[in-house]
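Have a look at structure.cif below; it lists mmCIF, C-alpha atoms and all ligand atoms.
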data_work
#
loop_
_atom_site.label_atom_id
_atom_site.label_comp_id
_atom_site.auth_asym_id
_atom_site.auth_seq_id
_atom_site.Cartn_x
_atom_site.Cartn_y
_atom_site.Cartn_z
CA MET Y 1 -43.25 95.77 -39.47
CA ALA Y 2 -39.89 97.51 -40.04
CA GLU Y 3 -36.78 95.39 -40.38
CA PRO Y 4 -34.56 95.70 -37.29
CA THR Y 5 -31.53 97.88 -37.98
CA PRO Y 6 -28.19 97.30 -36.23
CA ALA Y 7 -29.06 100.19 -33.91
CA THR Y 8 -32.44 98.77 -32.89
CA GLU Y 9 -30.91 95.32 -32.49
CA LYS Y 10 -28.28 96.78 -30.19
CA ARG Y 11 -30.99 98.57 -28.15
CA GLU Y 12 -32.95 95.32 -28.00
CA ARG Y 13 -29.96 93.44 -26.62
CA ARG Y 14 -29.38 96.25 -24.13
CA ARG Y 15 -32.88 95.87 -22.65
CA VAL Y 16 -32.87 95.30 -18.92
CA ARG Y 17 -32.63 91.59 -18.29
CA GLU Y 18 -31.81 89.19 -15.50
CA LEU Y 19 -28.31 87.81 -15.30
CA GLU Y 20 -26.93 85.14 -13.00
CA VAL Y 21 -23.56 86.20 -11.61
CA VAL Y 22 -21.04 84.82 -9.16
CA VAL Y 23 -19.00 86.86 -6.69
CA ALA Y 24 -15.44 86.50 -8.01
CA ARG Y 25 -13.76 88.88 -5.56
CA VAL Y 26 -14.67 90.88 -2.46
CA ARG Y 27 -12.76 94.04 -1.55
CA ARG Y 28 -13.37 95.91 1.68
CA GLU Y 29 -13.23 99.66 0.93
CA THR Y 30 -13.97 101.19 4.36
CA THR Y 31 -15.38 99.83 7.63
CA ASP Y 32 -18.94 99.96 6.28
CA THR Y 33 -18.42 99.70 2.51
CA THR Y 34 -17.52 96.71 0.34
CA SER Y 35 -17.00 96.14 -3.38
CA LEU Y 36 -18.32 92.95 -4.96
CA PHE Y 37 -16.77 91.87 -8.28
CA PHE Y 38 -19.26 89.88 -10.35
CA ALA Y 39 -18.40 87.38 -13.10
CA ALA Y 40 -20.85 85.79 -15.53
CA ASP Y 41 -20.60 83.24 -18.30
CA GLN Y 42 -21.94 85.74 -20.84
CA PRO Y 43 -20.65 89.23 -21.72
CA PHE Y 44 -21.85 92.21 -19.71
CA GLU Y 45 -23.31 94.96 -21.89
CA TYR Y 46 -23.57 98.36 -20.28
CA GLU Y 47 -22.37 101.94 -20.35
CA ALA Y 48 -20.18 103.50 -17.70
CA GLY Y 49 -22.45 105.12 -15.09
CA HIS Y 50 -25.26 102.56 -15.43
CA PHE Y 51 -26.79 100.75 -12.46
CA CYS Y 52 -28.16 97.25 -11.84
CA THR Y 53 -30.80 96.08 -9.37
CA ILE Y 54 -30.74 93.24 -6.85
CA ASP Y 55 -33.93 91.70 -5.49
CA PRO Y 56 -33.71 90.87 -1.76
CA HIS Y 57 -36.29 88.05 -2.14
CA GLN Y 58 -33.67 85.78 -3.74
CA PHE Y 59 -31.63 85.38 -0.52
CA PRO Y 60 -32.96 82.50 1.65
CA VAL Y 61 -31.28 84.01 4.71
CA LEU Y 62 -33.48 87.15 4.38
CA LYS Y 63 -36.73 85.24 3.74
CA HIS Y 64 -38.43 85.64 7.15
CA PHE Y 65 -37.01 89.10 7.81
CA VAL Y 66 -38.29 90.40 4.44
CA ALA Y 67 -41.71 88.74 4.96
CA HIS Y 68 -42.00 90.35 8.40
CA LEU Y 69 -41.02 93.81 7.09
CA GLU Y 70 -43.52 93.47 4.24
CA ASP Y 71 -46.25 92.76 6.81
CA LEU Y 72 -45.23 95.83 8.82
CA LYS Y 73 -44.88 98.13 5.80
CA GLY Y 74 -47.96 96.79 3.97
CA HIS Y 75 -46.15 96.49 0.64
CA GLN Y 76 -43.62 94.30 -1.19
CA GLU Y 77 -39.93 95.07 -0.78
CA LYS Y 78 -38.56 96.34 -4.09
CA PRO Y 79 -35.26 95.45 -5.74
CA ARG Y 80 -32.45 97.81 -4.64
CA ALA Y 81 -30.40 99.72 -7.23
CA TYR Y 82 -26.58 99.69 -7.25
CA SER Y 83 -24.42 101.84 -9.52
CA LEU Y 84 -21.56 100.18 -11.33
CA GLY Y 85 -18.07 101.16 -10.26
CA SER Y 86 -16.63 99.23 -13.19
CA ALA Y 87 -16.07 100.26 -16.81
CA PRO Y 88 -17.30 98.22 -19.81
CA HIS Y 89 -13.77 97.24 -20.90
CA GLU Y 90 -13.12 95.53 -17.55
CA GLU Y 91 -13.58 91.84 -16.82
CA HIS Y 92 -15.93 92.16 -13.85
CA VAL Y 93 -19.00 94.19 -13.07
CA VAL Y 94 -18.39 95.89 -9.74
CA VAL Y 95 -20.92 97.19 -7.22
CA THR Y 96 -19.84 98.95 -4.05
CA VAL Y 97 -22.32 98.75 -1.21
CA LYS Y 98 -22.43 100.92 1.90
CA GLU Y 99 -24.16 99.33 4.87
CA GLU Y 100 -27.19 101.35 5.96
CA THR Y 101 -27.72 101.46 9.71
CA TYR Y 102 -30.66 101.27 12.06
CA SER Y 103 -30.84 103.98 14.74
CA SER Y 104 -33.48 103.36 17.36
CA GLY Y 105 -35.96 106.23 17.42
CA GLU Y 106 -34.53 107.79 14.23
CA THR Y 107 -34.98 105.27 11.41
CA PRO Y 108 -38.37 103.51 11.24
CA TYR Y 109 -37.14 100.15 9.93
CA PRO Y 110 -33.86 98.26 9.78
CA PRO Y 111 -32.17 98.20 6.36
CA VAL Y 112 -33.00 95.12 4.27
CA LEU Y 113 -30.26 94.32 1.77
CA SER Y 114 -27.14 96.44 2.26
CA PRO Y 115 -25.89 94.74 5.49
CA LEU Y 116 -25.95 91.35 3.73
CA LEU Y 117 -24.16 92.62 0.60
CA ALA Y 118 -21.63 94.67 2.56
CA HIS Y 119 -20.67 92.00 5.10
CA HIS Y 120 -21.96 88.53 4.28
CA THR Y 121 -21.61 87.87 0.54
CA PRO Y 122 -18.40 85.86 0.16
CA VAL Y 123 -16.55 84.82 -2.98
CA GLY Y 124 -18.51 82.05 -4.72
CA THR Y 125 -21.97 83.44 -3.84
CA ARG Y 126 -24.36 83.10 -6.78
CA LEU Y 127 -27.03 85.75 -7.27
CA VAL Y 128 -29.27 87.29 -9.89
CA ILE Y 129 -28.88 90.92 -10.89
CA SER Y 130 -31.01 92.91 -13.35
CA GLY Y 131 -29.52 95.48 -15.62
CA PHE Y 132 -28.23 97.62 -17.02
CA THR Y 133 -29.77 101.05 -17.23
CA GLY Y 134 -29.58 104.69 -16.13
CA ALA Y 135 -29.09 108.19 -17.47
CA TYR Y 136 -25.96 109.03 -15.46
CA THR Y 137 -23.77 108.49 -18.53
CA LEU Y 138 -21.55 110.60 -20.77
CA PRO Y 139 -23.45 111.96 -23.79
CA HIS Y 140 -22.18 110.44 -27.05
CA ASP Y 141 -21.29 113.87 -28.47
CA ALA Y 142 -19.46 115.01 -25.30
CA ALA Y 143 -16.10 115.32 -27.07
CA GLU Y 144 -17.48 117.99 -29.40
CA ARG Y 145 -19.10 120.07 -26.68
CA ILE Y 146 -16.92 119.91 -23.59
CA ASP Y 147 -13.34 120.33 -22.41
CA GLN Y 148 -13.83 119.28 -18.81
CA VAL Y 149 -15.92 116.85 -16.77
CA VAL Y 150 -16.38 117.79 -13.12
CA HIS Y 151 -17.42 115.06 -10.68
CA VAL Y 152 -18.89 116.41 -7.44
CA CYS Y 153 -19.44 113.47 -5.11
CA ALA Y 154 -19.96 112.52 -1.48
CA GLY Y 155 -19.73 109.15 0.28
CA SER Y 156 -20.92 106.17 -1.78
CA GLY Y 157 -22.01 108.66 -4.49
CA ILE Y 158 -18.48 108.15 -5.77
CA VAL Y 159 -19.33 104.74 -7.27
CA PRO Y 160 -20.56 105.66 -10.79
CA SER Y 161 -17.81 108.30 -11.17
CA LEU Y 162 -15.09 105.66 -10.86
CA GLY Y 163 -16.67 103.77 -13.78
CA LEU Y 164 -17.12 106.96 -15.84
CA ILE Y 165 -13.54 108.15 -15.25
CA LYS Y 166 -11.93 104.75 -15.93
CA SER Y 167 -13.94 104.29 -19.11
CA SER Y 168 -13.22 107.77 -20.45
CA LEU Y 169 -9.47 107.56 -19.74
CA HIS Y 170 -9.34 104.09 -21.30
CA ARG Y 171 -11.02 105.43 -24.46
CA ASN Y 172 -8.58 108.34 -24.49
CA GLU Y 173 -11.40 110.87 -24.73
CA PRO Y 174 -10.09 114.41 -25.21
CA PHE Y 175 -11.47 116.10 -22.09
CA ARG Y 176 -10.04 116.37 -18.58
CA HIS Y 177 -11.78 114.96 -15.49
CA ILE Y 178 -11.63 116.67 -12.13
CA LEU Y 179 -13.06 114.91 -9.10
CA LEU Y 180 -14.15 116.85 -6.01
CA TYR Y 181 -14.84 114.18 -3.42
CA SER Y 182 -16.31 114.93 0.00
CA SER Y 183 -15.69 112.42 2.82
CA LYS Y 184 -15.95 112.73 6.58
CA THR Y 185 -12.42 111.49 7.34
CA ARG Y 186 -9.47 109.92 5.49
CA HIS Y 187 -10.76 106.47 6.51
CA ASP Y 188 -14.13 107.10 4.83
CA ILE Y 189 -12.61 107.67 1.38
CA ILE Y 190 -13.75 104.94 -1.01
CA TYR Y 191 -11.41 103.91 -3.91
CA TYR Y 192 -8.50 106.03 -2.62
CA GLN Y 193 -5.87 103.78 -4.26
CA ASP Y 194 -7.79 103.53 -7.56
CA PHE Y 195 -7.78 107.31 -7.86
CA GLU Y 196 -4.10 107.59 -6.90
CA GLU Y 197 -3.24 105.08 -9.62
CA LEU Y 198 -5.40 106.83 -12.25
CA GLN Y 199 -3.77 110.19 -11.42
CA ARG Y 200 -0.34 108.61 -11.73
CA GLN Y 201 -1.19 107.08 -15.12
CA HIS Y 202 -3.02 110.12 -16.53
CA PRO Y 203 -1.57 113.24 -14.83
CA ASP Y 204 -2.76 115.64 -17.55
CA LYS Y 205 -6.26 114.13 -17.87
CA PHE Y 206 -7.33 113.46 -14.27
CA GLU Y 207 -7.07 115.20 -10.91
CA VAL Y 208 -8.74 114.47 -7.56
CA ILE Y 209 -9.34 116.88 -4.68
CA HIS Y 210 -10.37 115.23 -1.41
CA CYS Y 211 -12.48 117.44 0.86
CA LEU Y 212 -12.58 116.18 4.45
CA THR Y 213 -15.41 117.57 6.57
CA ARG Y 214 -14.43 116.18 9.99
CA GLU Y 215 -10.63 116.26 10.15
CA GLU Y 216 -7.55 117.99 8.78
CA PRO Y 217 -6.27 116.36 5.58
CA ALA Y 218 -2.81 115.91 7.10
CA GLY Y 219 -0.50 114.24 4.57
CA LEU Y 220 -3.36 113.62 2.11
CA ARG Y 221 -2.28 114.51 -1.43
CA GLY Y 222 -4.85 116.88 -2.96
CA GLY Y 223 -6.55 117.18 0.44
CA ARG Y 224 -8.63 120.17 1.62
CA ARG Y 225 -10.46 120.77 4.89
CA GLY Y 226 -14.20 121.43 4.77
CA ARG Y 227 -17.12 121.06 2.42
CA ILE Y 228 -17.20 121.55 -1.34
CA THR Y 229 -17.89 125.27 -1.81
CA LYS Y 230 -18.83 127.65 -4.61
CA GLU Y 231 -15.26 129.02 -4.44
CA LEU Y 232 -13.80 125.55 -5.00
CA LEU Y 233 -16.08 125.01 -8.00
CA GLN Y 234 -15.05 128.40 -9.43
CA GLU Y 235 -11.39 127.57 -8.85
CA THR Y 236 -11.58 124.20 -10.61
CA ILE Y 237 -14.04 124.77 -13.48
CA ALA Y 238 -11.97 126.44 -16.18
CA ASP Y 239 -14.81 127.37 -18.59
CA PRO Y 240 -18.39 126.75 -17.34
CA GLY Y 241 -19.68 126.96 -20.92
CA ARG Y 242 -17.60 123.89 -21.91
CA ALA Y 243 -17.99 121.83 -18.75
CA LEU Y 244 -20.26 118.92 -17.82
CA ALA Y 245 -20.90 118.04 -14.17
CA PHE Y 246 -21.90 114.77 -12.53
CA THR Y 247 -23.04 115.05 -8.94
CA CYS Y 248 -23.98 112.08 -6.78
CA GLY Y 249 -24.38 111.47 -3.06
CA PRO Y 250 -27.04 111.88 -0.37
CA GLY Y 251 -30.19 113.60 -1.62
CA ILE Y 252 -33.69 114.25 -0.32
CA THR Y 253 -35.31 110.81 0.10
CA PRO Y 254 -38.89 110.08 -1.03
CA TYR Y 255 -39.73 109.62 2.70
CA GLU Y 256 -38.39 113.09 3.53
CA ARG Y 257 -40.26 114.61 0.58
CA LYS Y 258 -43.53 112.97 1.71
CA ALA Y 259 -43.04 114.01 5.36
CA ALA Y 260 -42.32 117.63 4.32
CA ARG Y 261 -45.38 117.67 2.03
CA GLU Y 262 -47.60 116.46 4.88
CA LYS Y 263 -46.31 119.32 7.06
CA GLY Y 264 -46.74 121.81 4.20
CA GLU Y 265 -42.99 122.50 4.22
CA GLU Y 266 -40.17 122.30 1.70
CA PRO Y 267 -37.78 119.35 2.32
CA THR Y 268 -34.33 120.37 3.55
CA PRO Y 269 -31.80 120.22 0.69
CA ARG Y 270 -29.07 117.63 1.13
CA PHE Y 271 -25.70 117.24 -0.61
CA VAL Y 272 -26.93 116.74 -4.19
CA GLU Y 273 -29.56 119.52 -4.14
CA HIS Y 274 -26.99 121.87 -2.61
CA MET Y 275 -24.32 121.01 -5.21
CA VAL Y 276 -26.75 121.36 -8.13
CA ALA Y 277 -27.62 124.87 -6.87
CA LEU Y 278 -23.91 125.80 -6.57
CA LEU Y 279 -23.14 124.42 -10.06
CA HIS Y 280 -25.91 126.63 -11.48
CA GLU Y 281 -24.52 129.62 -9.55
CA VAL Y 282 -21.08 129.18 -11.11
CA GLY Y 283 -22.59 129.18 -14.61
CA LEU Y 284 -23.57 125.61 -15.61
CA ASP Y 285 -27.10 125.32 -16.95
CA ARG Y 286 -29.60 122.50 -16.34
CA LYS Y 287 -28.44 120.44 -19.33
CA GLN Y 288 -24.83 120.56 -18.13
CA VAL Y 289 -25.54 118.93 -14.77
CA LYS Y 290 -26.33 115.23 -14.29
CA GLN Y 291 -27.43 114.14 -10.85
CA GLU Y 292 -28.16 110.92 -8.97
CA SER Y 293 -28.91 110.53 -5.30
CA TRP Y 294 -29.84 107.98 -2.67
CA GLY Y 295 -30.36 107.80 1.08
C1 LIG D 301 -29.81 104.75 -8.99
C2 LIG D 301 -29.35 104.28 -7.62
C3 LIG D 301 -28.04 103.86 -7.46
C4 LIG D 301 -27.59 103.44 -6.19
N1 LIG D 301 -26.30 103.05 -6.05
C5 LIG D 301 -25.83 102.67 -4.83
C6 LIG D 301 -24.44 102.30 -4.67
O1 LIG D 301 -23.63 102.34 -5.60
N2 LIG D 301 -24.04 101.92 -3.42
C7 LIG D 301 -24.92 101.89 -2.34
O2 LIG D 301 -24.49 101.54 -1.23
N3 LIG D 301 -26.22 102.26 -2.49
C8 LIG D 301 -26.70 102.62 -3.70
N4 LIG D 301 -28.02 102.97 -3.84
C9 LIG D 301 -28.92 102.81 -2.68
C10 LIG D 301 -29.45 101.34 -2.63
O3 LIG D 301 -30.36 101.12 -3.71
C11 LIG D 301 -30.21 101.03 -1.33
O4 LIG D 301 -31.20 102.01 -1.16
C12 LIG D 301 -29.32 100.96 -0.12
O5 LIG D 301 -28.35 99.93 -0.25
C13 LIG D 301 -30.17 100.68 1.14
O6 LIG D 301 -30.89 99.49 0.96
P1 LIG D 301 -31.33 98.61 2.21
O7 LIG D 301 -32.21 97.55 1.71
O8 LIG D 301 -30.12 98.20 3.00
O9 LIG D 301 -32.09 99.64 3.14
P2 LIG D 301 -33.65 99.99 3.07
O10 LIG D 301 -34.45 98.87 3.59
O11 LIG D 301 -33.98 100.46 1.72
O12 LIG D 301 -33.70 101.18 4.10
C14 LIG D 301 -32.92 102.35 3.89
C15 LIG D 301 -33.34 103.42 4.87
O13 LIG D 301 -34.67 103.84 4.58
C16 LIG D 301 -35.44 103.86 5.76
N5 LIG D 301 -36.84 103.56 5.47
C17 LIG D 301 -37.32 102.39 4.98
N6 LIG D 301 -38.66 102.47 4.86
C18 LIG D 301 -39.01 103.70 5.29
C19 LIG D 301 -40.24 104.40 5.43
N7 LIG D 301 -41.41 103.82 5.09
N8 LIG D 301 -40.22 105.65 5.94
C20 LIG D 301 -39.06 106.25 6.24
N9 LIG D 301 -37.87 105.66 6.14
C21 LIG D 301 -37.85 104.40 5.68
C22 LIG D 301 -34.81 102.79 6.63
O14 LIG D 301 -35.10 103.00 8.00
C23 LIG D 301 -33.33 102.94 6.32
O15 LIG D 301 -32.74 103.95 7.09
C24 LIG D 301 -28.48 103.42 -5.08
C25 LIG D 301 -29.81 103.85 -5.27
C26 LIG D 301 -30.23 104.29 -6.51
C27 LIG D 301 -31.65 104.76 -6.66
#
Take the structure in the file and give it back as structure tokens.
Ligand SMILES: Cc1cc2nc3c(=O)[nH]c(=O)nc-3n(C[C@H](O)[C@H](O)[C@H](O)COP(=O)(O)OP(=O)(O)OC[C@H]3O[C@@H](n4cnc5c(N)ncnc54)[C@H](O)[C@@H]3O)c2cc1C
Amino acid sequence: MAEPTPATEKRERRRVRELEVVVARVRRETTDTTSLFFAADQPFEYEAGHFCTIDPHQFPVLKHFVAHLEDLKGHQEKPRAYSLGSAPHEEHVVVTVKEETYSSGETPYPPVLSPLLAHHTPVGTRLVISGFTGAYTLPHDAAERIDQVVHVCAGSGIVPSLGLIKSSLHRNEPFRHILLYSSKTRHDIIYYQDFEELQRQHPDKFEVIHCLTREEPAGLRGGRRGRITKELLQETIADPGRALAFTCGPGITPYERKAAREKGEEPTPRFVEHMVALLHEVGLDRKQVKQESWG
């Protein structure tokens, strides 16, 4: 058997594993979204843009609810994934959870885990997370190939971009980041102050444009009215050949894909599918676009 090299040892240590954490801080972001800051008594090893998973079975308060849903659904509830909004140089691992809702007649089941994490997980709560993994990360040779990173995000799809941007600015990487962030209203913007602060500290490396779909961006610095369009991408991407895009937000769910297949139809594209198509139209190829979607 080959001797382990430093690289294989590092990979080995990076393998997904369980970690007991404690909630060190809770920060309400919007009415339905909360950030949980986790501390542990061992170092966190991850890359910006990674996610962790949280198994709902570990919470005694959910025990009967989860058992009942498993009976109804006929399968075990799986761990839920949460992107990290933190960067590896920071003290805490941060997840930001948006509460899913139940709409009678529209959604078949109530959400399992997000209401608990978003509203009832106070400082001092101990829990087990598994991590860290994911492909929504900056390539290691990015500095040689790109001048600009474009983040095209909606709603809670902003979470991994905060980690990516903070990490890259901290490491003083040579490219610029531009964030195009779609929210319904000013009150739905997650991490508004974090982005203001990062722009203030790094004015020539980072810019944010807030696109509000349901109200005028009155008084909002960098605010635009409406959705993220092809024209906005063309305006902000200086050289498509030397750009890398990250797009994250609502995408076609596995349930929607299955329902469409059963009807013999194509599922209706949602935010991420639409943005990927626009990014290709403005000249980025498949390898230049990273995507992640949920719900
Ligand atoms: C890589 C990754 C990263 C993620 N990062 C984040 C993040 O940073 N922040 C965040 O808030 N979320 C994130 N998510 C989403 C997260 O994992 C959960 O899906 C989310 O919190 C909802 O979980 P829940 O248990 O509350 O709801 P669930 O119980 O999973 O229900 C969600 C919805 O699915 C519907 N549903 C359930 N079963 C069916 C069915 N059989 N048929 C049709 N519809 C059904 C429910 O009615 C409900 O509307 C991420 C997901 C992935 C894959």
Env. residues ligand LIG 301 (chain D) / 7 Å / only C-alpha atoms and all ligand atoms / as a VMD selection string: chain Y and resid 51 73 80 to 84 95 to 102 107 to 115 156 to 157 159 to 160 255 292 to 295
- prompt: Which neighbours of Y:Tyr181 fall inside 12 Å, counting only C-alpha atoms, when residues of the same chain fewer than 3 positions from it are skipped, and could you give them as JSON, numbers by chain?
  reply: {"Y": [150, 151, 152, 153, 154, 155, 156, 157, 158, 159, 161, 162, 178, 184, 185, 186, 188, 189, 190, 191, 192, 195, 207, 208, 209, 210, 211, 212, 213, 222, 223, 224, 225, 226, 227, 228, 229, 232, 233, 246, 247, 248, 249, 271, 275]}
The selected residues should be written to file as a compact mmCIF listing (two decimals), keeping the file's coordinate frame (atoms: C-alpha atoms).
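And here is the file that came out, out12.txt:
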# COMPACT_ATOMS: atom_id res chain seq x y z
CA VAL Y 150 -16.38 117.79 -13.12
CA HIS Y 151 -17.42 115.06 -10.68
CA VAL Y 152 -18.89 116.41 -7.44
CA CYS Y 153 -19.44 113.47 -5.11
CA ALA Y 154 -19.96 112.52 -1.48
CA GLY Y 155 -19.73 109.15 0.28
CA SER Y 156 -20.92 106.17 -1.78
CA GLY Y 157 -22.01 108.66 -4.49
CA ILE Y 158 -18.48 108.15 -5.77
CA VAL Y 159 -19.33 104.74 -7.27
CA SER Y 161 -17.81 108.30 -11.17
CA LEU Y 162 -15.09 105.66 -10.86
CA ILE Y 178 -11.63 116.67 -12.13
CA LYS Y 184 -15.95 112.73 6.58
CA THR Y 185 -12.42 111.49 7.34
CA ARG Y 186 -9.47 109.92 5.49
CA ASP Y 188 -14.13 107.10 4.83
CA ILE Y 189 -12.61 107.67 1.38
CA ILE Y 190 -13.75 104.94 -1.01
CA TYR Y 191 -11.41 103.91 -3.91
CA TYR Y 192 -8.50 106.03 -2.62
CA PHE Y 195 -7.78 107.31 -7.86
CA GLU Y 207 -7.07 115.20 -10.91
CA VAL Y 208 -8.74 114.47 -7.56
CA ILE Y 209 -9.34 116.88 -4.68
CA HIS Y 210 -10.37 115.23 -1.41
CA CYS Y 211 -12.48 117.44 0.86
CA LEU Y 212 -12.58 116.18 4.45
CA THR Y 213 -15.41 117.57 6.57
CA GLY Y 222 -4.85 116.88 -2.96
CA GLY Y 223 -6.55 117.18 0.44
CA ARG Y 224 -8.63 120.17 1.62
CA ARG Y 225 -10.46 120.77 4.89
CA GLY Y 226 -14.20 121.43 4.77
CA ARG Y 227 -17.12 121.06 2.42
CA ILE Y 228 -17.20 121.55 -1.34
CA THR Y 229 -17.89 125.27 -1.81
CA LEU Y 232 -13.80 125.55 -5.00
CA LEU Y 233 -16.08 125.01 -8.00
CA PHE Y 246 -21.90 114.77 -12.53
CA THR Y 247 -23.04 115.05 -8.94
CA CYS Y 248 -23.98 112.08 -6.78
CA GLY Y 249 -24.38 111.47 -3.06
CA PHE Y 271 -25.70 117.24 -0.61
CA MET Y 275 -24.32 121.01 -5.21
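Nearest to Y:Asn172 of all the residues Y:Thr137, Y:Gln291, Y:Thr33, Y:Gln201 is Y:Gln201, counting all atoms listed in the file.
Put simply, atom CA of Y:Ser104 is 28.8 Å away from atom CA of Y:Pro122.
Residue nearest Y:Glu196 within the list Y:Arg221, Y:Arg261, Y:His177, Y:Lys166: Y:Arg221 [criterion: smallest interatomic distance, all atoms listed in the file].
Computed from the coordinates, the atom CA of Y:Arg286 to atom CA of Y:Pro174 distance equals 22.9 Å.
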Residue nearest Y:Val16 among Y:Thr31, Y:Glu106, Y:Gly134, Y:Val123 (counting all atoms listed in the file): Y:Gly134
- request: Using atom CA of Y:Glu256 and atom CA of Y:Val272 as the two end points, give the distance in Å to one decimal.
  value: 14.3 Å
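With all atoms listed in the file as the atoms that count, the minimum distance from Y:Ala39 to the choices Y:His57, Y:Lys63, Y:Arg126, Y:His68 is reached by Y:Arg126.
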- line: Across Y:His280, Y:His75, Y:His92, Y:Lys258, the smallest distance to Y:Phe38, with only C-alpha atoms counted, is shown by Y:His92
- prompt: Can you find the residues with an atom no farther than 12 Å from (-34.2, 122.4, -0.2), counting all atoms listed in the file, and report them as a ChimeraX atom specification?
  reply: /Y:251-253,256-257,260,265-277
task: Kindly indicate which residue among Y:His120, Y:Ala40, Y:Glu20, Y:Ser130 lies nearest to Y:Thr53, using all atoms listed in the file for the distances.
output: Y:Ser130
